[in-house]
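Pasting target.txt here (compact mmCIF, C-alpha atoms and all ligand atoms):
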# COMPACT_ATOMS: atom_id res chain seq x y z
CA MET U 94 0.00 0.00 0.00
CA LEU U 95 1.21 3.48 -0.85
CA LYS U 96 2.47 5.60 1.99
CA GLN U 97 0.30 8.37 0.58
CA GLU U 98 -2.78 6.20 1.00
CA ILE U 99 -1.96 5.53 4.64
CA ILE U 100 -1.52 9.26 5.20
CA ARG U 101 -4.85 9.89 3.48
CA ILE U 102 -6.69 7.39 5.71
CA ALA U 103 -5.12 8.86 8.86
CA GLY U 104 -5.94 12.38 7.65
CA THR U 105 -9.58 11.50 6.97
CA LEU U 106 -9.90 9.98 10.43
CA ASN U 107 -8.41 13.14 11.94
CA GLU U 108 -10.91 15.29 10.08
CA LEU U 109 -13.89 13.15 11.03
CA PHE U 110 -12.92 12.46 14.64
CA PRO U 111 -10.44 15.12 15.78
CA GLU U 112 -10.97 14.35 19.47
CA PRO U 113 -12.28 10.79 19.72
CA GLN U 114 -13.92 10.08 23.05
CA ILE U 115 -13.28 6.91 25.04
CA PRO U 116 -16.53 4.94 24.68
CA LEU U 117 -16.46 3.28 28.13
CA ASN U 118 -17.26 5.61 31.03
CA HIS U 119 -14.75 5.40 33.89
CA ARG U 120 -13.09 7.58 36.46
CA ASP U 121 -9.72 5.88 36.99
CA PRO U 122 -7.66 2.86 35.81
CA TYR U 123 -9.60 0.44 38.05
CA THR U 124 -13.05 1.46 36.83
CA LEU U 125 -11.76 1.36 33.24
CA LEU U 126 -10.30 -2.11 33.74
CA ILE U 127 -13.63 -3.40 35.06
CA ALA U 128 -15.55 -1.73 32.23
CA VAL U 129 -13.26 -3.23 29.56
CA LEU U 130 -13.55 -6.67 31.12
CA LEU U 131 -17.35 -6.34 31.09
CA SER U 132 -17.36 -5.22 27.45
CA ALA U 133 -16.37 -8.69 26.17
CA GLN U 134 -19.28 -9.74 23.96
CA CYS U 135 -21.33 -6.80 25.18
CA THR U 136 -22.01 -3.30 23.84
CA ASP U 137 -20.33 -0.28 25.39
CA VAL U 138 -23.77 1.29 25.91
CA ARG U 139 -24.86 -1.65 28.04
CA VAL U 140 -21.61 -1.60 30.03
CA ASN U 141 -22.07 2.11 30.72
CA GLN U 142 -25.53 1.39 32.10
CA VAL U 143 -24.15 -1.23 34.50
CA THR U 144 -20.89 0.28 35.81
CA PRO U 145 -22.46 3.13 37.86
CA PHE U 146 -23.94 0.46 40.14
CA LEU U 147 -20.64 -1.35 40.77
CA PRO U 148 -18.18 -0.71 43.62
CA ASP U 149 -15.46 1.61 42.33
CA THR U 150 -12.42 0.29 44.22
CA PRO U 151 -10.96 -3.21 44.64
CA GLU U 152 -11.44 -2.95 48.40
CA LYS U 153 -15.15 -2.26 48.05
CA MET U 154 -15.51 -4.87 45.28
CA ILE U 155 -14.32 -7.77 47.44
CA GLN U 156 -16.80 -6.82 50.15
CA LEU U 157 -19.32 -8.39 47.77
CA ASP U 158 -19.17 -12.06 46.94
CA PRO U 159 -18.97 -13.18 43.29
CA LYS U 160 -22.68 -14.12 43.34
CA GLU U 161 -23.64 -10.56 44.27
CA ILE U 162 -21.35 -9.16 41.57
CA GLU U 163 -22.92 -11.59 39.11
CA LEU U 164 -26.38 -10.17 39.78
CA LEU U 165 -25.16 -6.62 39.20
CA ILE U 166 -23.40 -7.40 35.92
CA ARG U 167 -25.94 -9.86 34.50
CA PRO U 168 -27.08 -7.48 31.68
CA CYS U 169 -23.52 -7.66 30.24
CA GLY U 170 -23.64 -11.43 29.67
CA LEU U 171 -21.13 -14.13 30.69
CA ALA U 172 -21.89 -12.99 34.23
CA PRO U 173 -20.65 -16.08 36.16
CA THR U 174 -17.24 -15.96 34.46
CA LYS U 175 -16.89 -12.19 34.56
CA SER U 176 -17.95 -11.91 38.22
CA HIS U 177 -15.31 -14.42 39.33
CA ALA U 178 -12.67 -12.65 37.26
CA ILE U 179 -13.64 -9.27 38.76
CA TRP U 180 -13.57 -10.57 42.33
CA ASN U 181 -10.29 -12.45 41.88
CA LEU U 182 -8.49 -9.65 40.09
CA SER U 183 -9.64 -7.16 42.75
CA LYS U 184 -8.17 -9.42 45.43
CA ILE U 185 -4.88 -9.70 43.52
CA LEU U 186 -4.70 -5.92 43.09
CA ILE U 187 -4.99 -5.53 46.87
CA GLU U 188 -2.55 -8.34 47.71
CA ARG U 189 0.14 -7.68 45.09
CA HIS U 190 -0.28 -4.14 43.80
CA GLN U 191 -1.31 -2.00 46.81
CA GLY U 192 -4.84 -1.80 45.45
CA GLN U 193 -3.64 -0.13 42.24
CA VAL U 194 -3.91 -1.27 38.63
CA PRO U 195 -0.38 -2.16 37.49
CA LYS U 196 1.10 -0.19 34.64
CA THR U 197 2.81 -2.94 32.63
CA PHE U 198 1.51 -5.34 30.01
CA SER U 199 2.95 -8.35 31.80
CA ALA U 200 1.37 -7.58 35.19
CA LEU U 201 -1.96 -6.69 33.60
CA GLU U 202 -2.05 -9.84 31.50
CA GLU U 203 -1.47 -11.97 34.60
CA LEU U 204 -4.77 -10.79 36.06
CA PRO U 205 -7.80 -13.08 35.72
CA GLY U 206 -10.00 -12.21 32.76
CA VAL U 207 -7.41 -9.80 31.32
CA GLY U 208 -6.01 -10.66 27.89
CA HIS U 209 -3.75 -8.66 25.62
CA LYS U 210 -6.56 -6.54 24.18
CA THR U 211 -7.90 -5.54 27.60
CA ALA U 212 -4.38 -4.78 28.81
CA SER U 213 -3.77 -2.67 25.68
CA VAL U 214 -6.93 -0.62 26.26
CA VAL U 215 -5.91 0.07 29.87
CA MET U 216 -2.34 0.94 28.89
CA ALA U 217 -3.54 3.32 26.16
CA GLN U 218 -6.61 4.89 27.73
CA ALA U 219 -5.74 4.94 31.44
CA PHE U 220 -1.95 5.30 31.35
CA HIS U 221 -1.43 6.97 27.94
CA GLU U 222 1.22 4.41 27.00
CA PRO U 223 1.46 3.53 23.29
CA ALA U 224 -0.72 0.51 22.47
CA PHE U 225 -2.97 -0.58 19.62
CA PRO U 226 -5.86 -2.62 20.98
CA VAL U 227 -7.49 -4.43 18.07
CA ASP U 228 -11.18 -5.16 18.49
CA THR U 229 -13.54 -6.59 15.88
CA HIS U 230 -14.14 -3.12 14.33
CA ILE U 231 -10.46 -2.35 13.89
CA HIS U 232 -9.80 -5.85 12.60
CA ARG U 233 -12.53 -5.45 9.97
CA CYS U 234 -11.45 -1.97 8.82
CA ALA U 235 -7.77 -2.90 8.62
CA GLU U 236 -8.60 -5.80 6.31
CA ARG U 237 -11.05 -3.81 4.17
CA TRP U 238 -8.55 -0.98 3.77
CA GLY U 239 -5.83 -3.43 2.76
CA LEU U 240 -3.71 -2.58 5.81
CA SER U 241 -3.61 -6.18 6.99
CA SER U 242 -4.44 -9.65 5.74
CA GLY U 243 -7.18 -10.09 8.32
CA LYS U 244 -5.63 -13.45 9.22
CA SER U 245 -5.79 -12.81 12.96
CA VAL U 246 -6.12 -9.93 15.40
CA GLU U 247 -2.50 -10.53 16.40
CA GLN U 248 -1.38 -10.01 12.80
CA THR U 249 -3.59 -6.92 12.44
CA GLU U 250 -2.04 -5.40 15.57
CA LYS U 251 1.48 -6.06 14.23
CA ASP U 252 0.64 -4.58 10.81
CA LEU U 253 -1.03 -1.44 12.18
CA LYS U 254 1.87 -0.83 14.56
CA ARG U 255 4.29 -1.15 11.65
CA LEU U 256 2.31 1.19 9.36
CA PHE U 257 1.51 4.03 11.76
CA PRO U 258 3.86 6.03 13.99
CA LYS U 259 3.80 5.09 17.66
CA LYS U 260 2.65 8.51 18.76
CA ARG U 261 -0.56 8.08 16.70
CA TRP U 262 -1.55 4.62 17.98
CA ASN U 263 -3.66 5.65 20.96
CA GLN U 264 -5.72 8.20 19.09
CA LEU U 265 -5.94 6.12 15.93
CA HIS U 266 -7.42 3.06 17.61
CA LEU U 267 -10.25 5.21 18.98
CA GLN U 268 -10.74 6.98 15.64
CA ILE U 269 -11.04 3.67 13.77
CA ILE U 270 -13.57 2.35 16.31
CA HIS U 271 -15.70 5.48 15.92
CA PHE U 272 -15.35 5.33 12.13
CA ALA U 273 -16.28 1.66 11.95
CA ARG U 274 -19.35 2.14 14.11
CA LYS U 275 -20.59 5.06 12.04
CA TYR U 276 -19.56 4.17 8.48
CA CYS U 277 -18.18 0.68 8.22
CA PRO U 278 -20.61 -1.88 9.69
CA ALA U 279 -19.90 -5.58 9.36
CA ARG U 280 -22.79 -5.83 6.91
CA GLY U 281 -24.29 -3.32 4.52
CA HIS U 282 -21.45 -0.88 4.03
CA ARG U 283 -21.83 1.71 1.25
CA PRO U 284 -18.55 2.14 -0.65
CA ASP U 285 -20.02 4.90 -2.85
CA GLN U 286 -20.90 7.03 0.18
CA CYS U 287 -17.92 6.19 2.29
CA PRO U 288 -15.51 8.99 3.28
CA ILE U 289 -12.55 6.61 3.00
CA CYS U 290 -13.14 4.01 0.29
CA SER U 291 -15.00 6.28 -2.15
CA LYS U 292 -11.77 8.27 -2.53
CA LYS U 293 -9.47 5.31 -3.05
CA GLU U 294 -6.70 5.93 -5.55
CA TYR U 295 -5.25 2.45 -5.76
S1 LIG G 301 -16.38 1.43 1.81
FE1 LIG G 301 -16.28 2.48 3.79
S2 LIG G 301 -17.60 1.27 4.89
FE2 LIG G 301 -16.91 0.00 3.25
S3 LIG G 301 -14.98 -0.93 3.77
FE3 LIG G 301 -14.48 0.93 2.91
S4 LIG G 301 -14.31 2.21 4.73
FE4 LIG G 301 -15.50 0.60 5.30
Take the structure in this file and express it as structure tokens.
Ligand code: SF4
Amino acid sequence: MLKQEIIRIAGTLNELFPEPQIPLNHRDPYTLLIAVLLSAQCTDVRVNQVTPFLPDTPEKMIQLDPKEIELLIRPCGLAPTKSHAIWNLSKILIERHQGQVPKTFSALEELPGVGHKTASVVMAQAFHEPAFPVDTHIHRCAERWGLSSGKSVEQTEKDLKRLFPKKRWNQLHLQIIHFARKYCPARGHRPDQCPICSKKEY
């Protein structure tokens, strides 16, 4: 792909979403971590409806038992698994990290229910460290734009990190999510009306 084309895509995203908002409401790294964990196979809108009713520190969270957490998070789906992960990770944060969310990929990915994508979101959005979390929207756009083969999310992350400068990763991942939700749905996209693909020059 031409470097010019990559610059054009990034420029269009900047024009459309100059200040992309973080979709999951939170007030600190812990509440973001819980929100991201809850967002697995759930919409951000639904997560935002649930999180105001959850304890907002690990100490308060473990005052509940997993069954009580499960009832609170039921609208997000996978509640038995997610509630155990939330309770266990809260306990680990207290026991090993002074009640704080750790600021490294390795420590984050050791927490129950936290994979590389969740860790990347926390690193980027809570700690402003360069990361490129690839969700289903980013995976789809990267393949459709010819930026990656679409073979796997791991490959997409590698390709996007190679194509775009590190200082743009955090903003770009949010811009692509917003773009995909508005213009580039999994089904029924309109290439003729699309701000990116209708201006393709390759
Ligand atoms: S035409 Fe637009 S909506 Fe379709 S793949 Fe390209 S960017 Fe996405």
List the neighbours of Val129 in chain U out to 8 Å using only C-alpha atoms; skip same-chain residues closer than 5 positions along the sequence, and give me the result as a list in words. Leu117, Thr211 and Val214 of chain U
Enclose the full set of atoms of ligand LIG 301 (chain G) listed in the file within a box whose edges lie along x, y and z, apply 5 Å of padding to each of the six sides, and report centre and edge lengths in Å to one decimal as AutoDock Vina command-line options.
--center_x -16.0 --center_y 0.8 --center_z 3.6 --size_x 13.3 --size_y 13.4 --size_z 13.5
Using all atoms listed in the file: which of U:Thr105, U:Ser213, U:Gln97, U:Gln134 has the shortest distance to ligand LIG 301 (chain G):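 Of U:Thr105, U:Ser213, U:Gln97, U:Gln134, the one nearest ligand LIG 301 (chain G), counting all atoms listed in the file, is U:Thr105.
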Enumerate as a ChimeraX atom specification the residues within 10 Å of ligand LIG 301 (chain G), counting all atoms listed in the file. /U:102,230,233-239,269,272-293
Could you save those same residues with C-alpha atoms as a compact mmCIF listing (two decimals), in the coordinates of the input?
# COMPACT_ATOMS: atom_id res chain seq x y z
CA ILE U 102 -6.69 7.39 5.71
CA HIS U 230 -14.14 -3.12 14.33
CA ARG U 233 -12.53 -5.45 9.97
CA CYS U 234 -11.45 -1.97 8.82
CA ALA U 235 -7.77 -2.90 8.62
CA GLU U 236 -8.60 -5.80 6.31
CA ARG U 237 -11.05 -3.81 4.17
CA TRP U 238 -8.55 -0.98 3.77
CA GLY U 239 -5.83 -3.43 2.76
CA ILE U 269 -11.04 3.67 13.77
CA PHE U 272 -15.35 5.33 12.13
CA ALA U 273 -16.28 1.66 11.95
CA ARG U 274 -19.35 2.14 14.11
CA LYS U 275 -20.59 5.06 12.04
CA TYR U 276 -19.56 4.17 8.48
CA CYS U 277 -18.18 0.68 8.22
CA PRO U 278 -20.61 -1.88 9.69
CA ALA U 279 -19.90 -5.58 9.36
CA ARG U 280 -22.79 -5.83 6.91
CA GLY U 281 -24.29 -3.32 4.52
CA HIS U 282 -21.45 -0.88 4.03
CA ARG U 283 -21.83 1.71 1.25
CA PRO U 284 -18.55 2.14 -0.65
CA ASP U 285 -20.02 4.90 -2.85
CA GLN U 286 -20.90 7.03 0.18
CA CYS U 287 -17.92 6.19 2.29
CA PRO U 288 -15.51 8.99 3.28
CA ILE U 289 -12.55 6.61 3.00
CA CYS U 290 -13.14 4.01 0.29
CA SER U 291 -15.00 6.28 -2.15
CA LYS U 292 -11.77 8.27 -2.53
CA LYS U 293 -9.47 5.31 -3.05
Any idea what's packed within 9 Å of range 194-204 of chain U, counting only C-alpha atoms, ignoring anything in its chain fewer than 3 positions away? Could you give it as a PyMOL selection string? chain U and resi 122-123+126+178+181-182+185-186+190-191+207-209+211-213+215-216+220+222
Write the residues of the preceding selection, restricted to C-alpha atoms, as a PDB file, in the frame of the given file.
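The result, written out as selection-v2.pdb:
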ATOM      1  CA  PRO U 122      -7.660   2.860  35.810  1.00  0.00           C
ATOM      2  CA  TYR U 123      -9.600   0.440  38.050  1.00  0.00           C
ATOM      3  CA  LEU U 126     -10.300  -2.110  33.740  1.00  0.00           C
ATOM      4  CA  ALA U 178     -12.670 -12.650  37.260  1.00  0.00           C
ATOM      5  CA  ASN U 181     -10.290 -12.450  41.880  1.00  0.00           C
ATOM      6  CA  LEU U 182      -8.490  -9.650  40.090  1.00  0.00           C
ATOM      7  CA  ILE U 185      -4.880  -9.700  43.520  1.00  0.00           C
ATOM      8  CA  LEU U 186      -4.700  -5.920  43.090  1.00  0.00           C
ATOM      9  CA  HIS U 190      -0.280  -4.140  43.800  1.00  0.00           C
ATOM     10  CA  GLN U 191      -1.310  -2.000  46.810  1.00  0.00           C
ATOM     11  CA  VAL U 207      -7.410  -9.800  31.320  1.00  0.00           C
ATOM     12  CA  GLY U 208      -6.010 -10.660  27.890  1.00  0.00           C
ATOM     13  CA  HIS U 209      -3.750  -8.660  25.620  1.00  0.00           C
ATOM     14  CA  THR U 211      -7.900  -5.540  27.600  1.00  0.00           C
ATOM     15  CA  ALA U 212      -4.380  -4.780  28.810  1.00  0.00           C
ATOM     16  CA  SER U 213      -3.770  -2.670  25.680  1.00  0.00           C
ATOM     17  CA  VAL U 215      -5.910   0.070  29.870  1.00  0.00           C
ATOM     18  CA  MET U 216      -2.340   0.940  28.890  1.00  0.00           C
ATOM     19  CA  PHE U 220      -1.950   5.300  31.350  1.00  0.00           C
ATOM     20  CA  GLU U 222       1.220   4.410  27.000  1.00  0.00           C
TER      21      GLU U 222
END
Å distance separating CA of Met154 in chain U from CA of Ile179 in chain U, one decimal place: 8.1 Å
Neighbouring residues of Ser245 in chain U were defined as those with any atom within 12 Å, considering only C-alpha atoms; residues of the same chain fewer than 4 positions away were excluded. Please report them as a list in words.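 Close residues of Ser245 in chain U: Val227, Asp228, Thr229, Ile231, His232, Arg233, Ala235, Glu236, Ser241, Thr249, Glu250, Lys251 and Asp252 of chain U.
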Which polymer residues have any atom within 10 Å of an atom of Leu164 in chain U, counting all atoms listed in the file, with same-chain residues fewer than 6 positions away left out, as a short mmCIF file (atom, residue, chain, number, x, y, z; two decimals) with C-alpha atoms, in the coordinates of the input?
data_model
loop_
_atom_site.label_atom_id
_atom_site.label_comp_id
_atom_site.auth_asym_id
_atom_site.auth_seq_id
_atom_site.Cartn_x
_atom_site.Cartn_y
_atom_site.Cartn_z
CA ALA U 172 -21.89 -12.99 34.23
CA PRO U 173 -20.65 -16.08 36.16
CA SER U 176 -17.95 -11.91 38.22
#
d(CA of Leu267 in chain U, CA of Cys135 in chain U) in Å: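 Interatomic distance here is 17.5 Å.
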Can you tell me, as an MDAnalysis selection string, what residues are no more than 12 Å from Leu165 in chain U when counting all atoms listed in the file, ignoring any on the same chain fewer than 6 positions away? chainID U and resid 131 140 142:148 154 157:159 172:173 175:176 179
Please measure the separation of CA of Pro151 in chain U and CA of Glu188 in chain U, giving the value in Å to one decimal.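 Atom-to-atom, CA of Pro151 in chain U and CA of Glu188 in chain U are spaced 10.3 Å apart.
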Return the single residue from U:Arg189, U:Trp262, U:Leu171, U:Asp149 that is closest to His221 in chain U, with distances computed using all atoms listed in the file. U:Trp262
Residue among U:Gln218, U:Thr174, U:Ser183, U:Gly243 lying closest to Arg120 in chain U, counting only C-alpha atoms: U:Gln218
Which of U:Asp121, U:Glu98, U:Glu247, U:Glu112 sits closest to His271 in chain U [using all atoms listed in the file]: U:Glu112
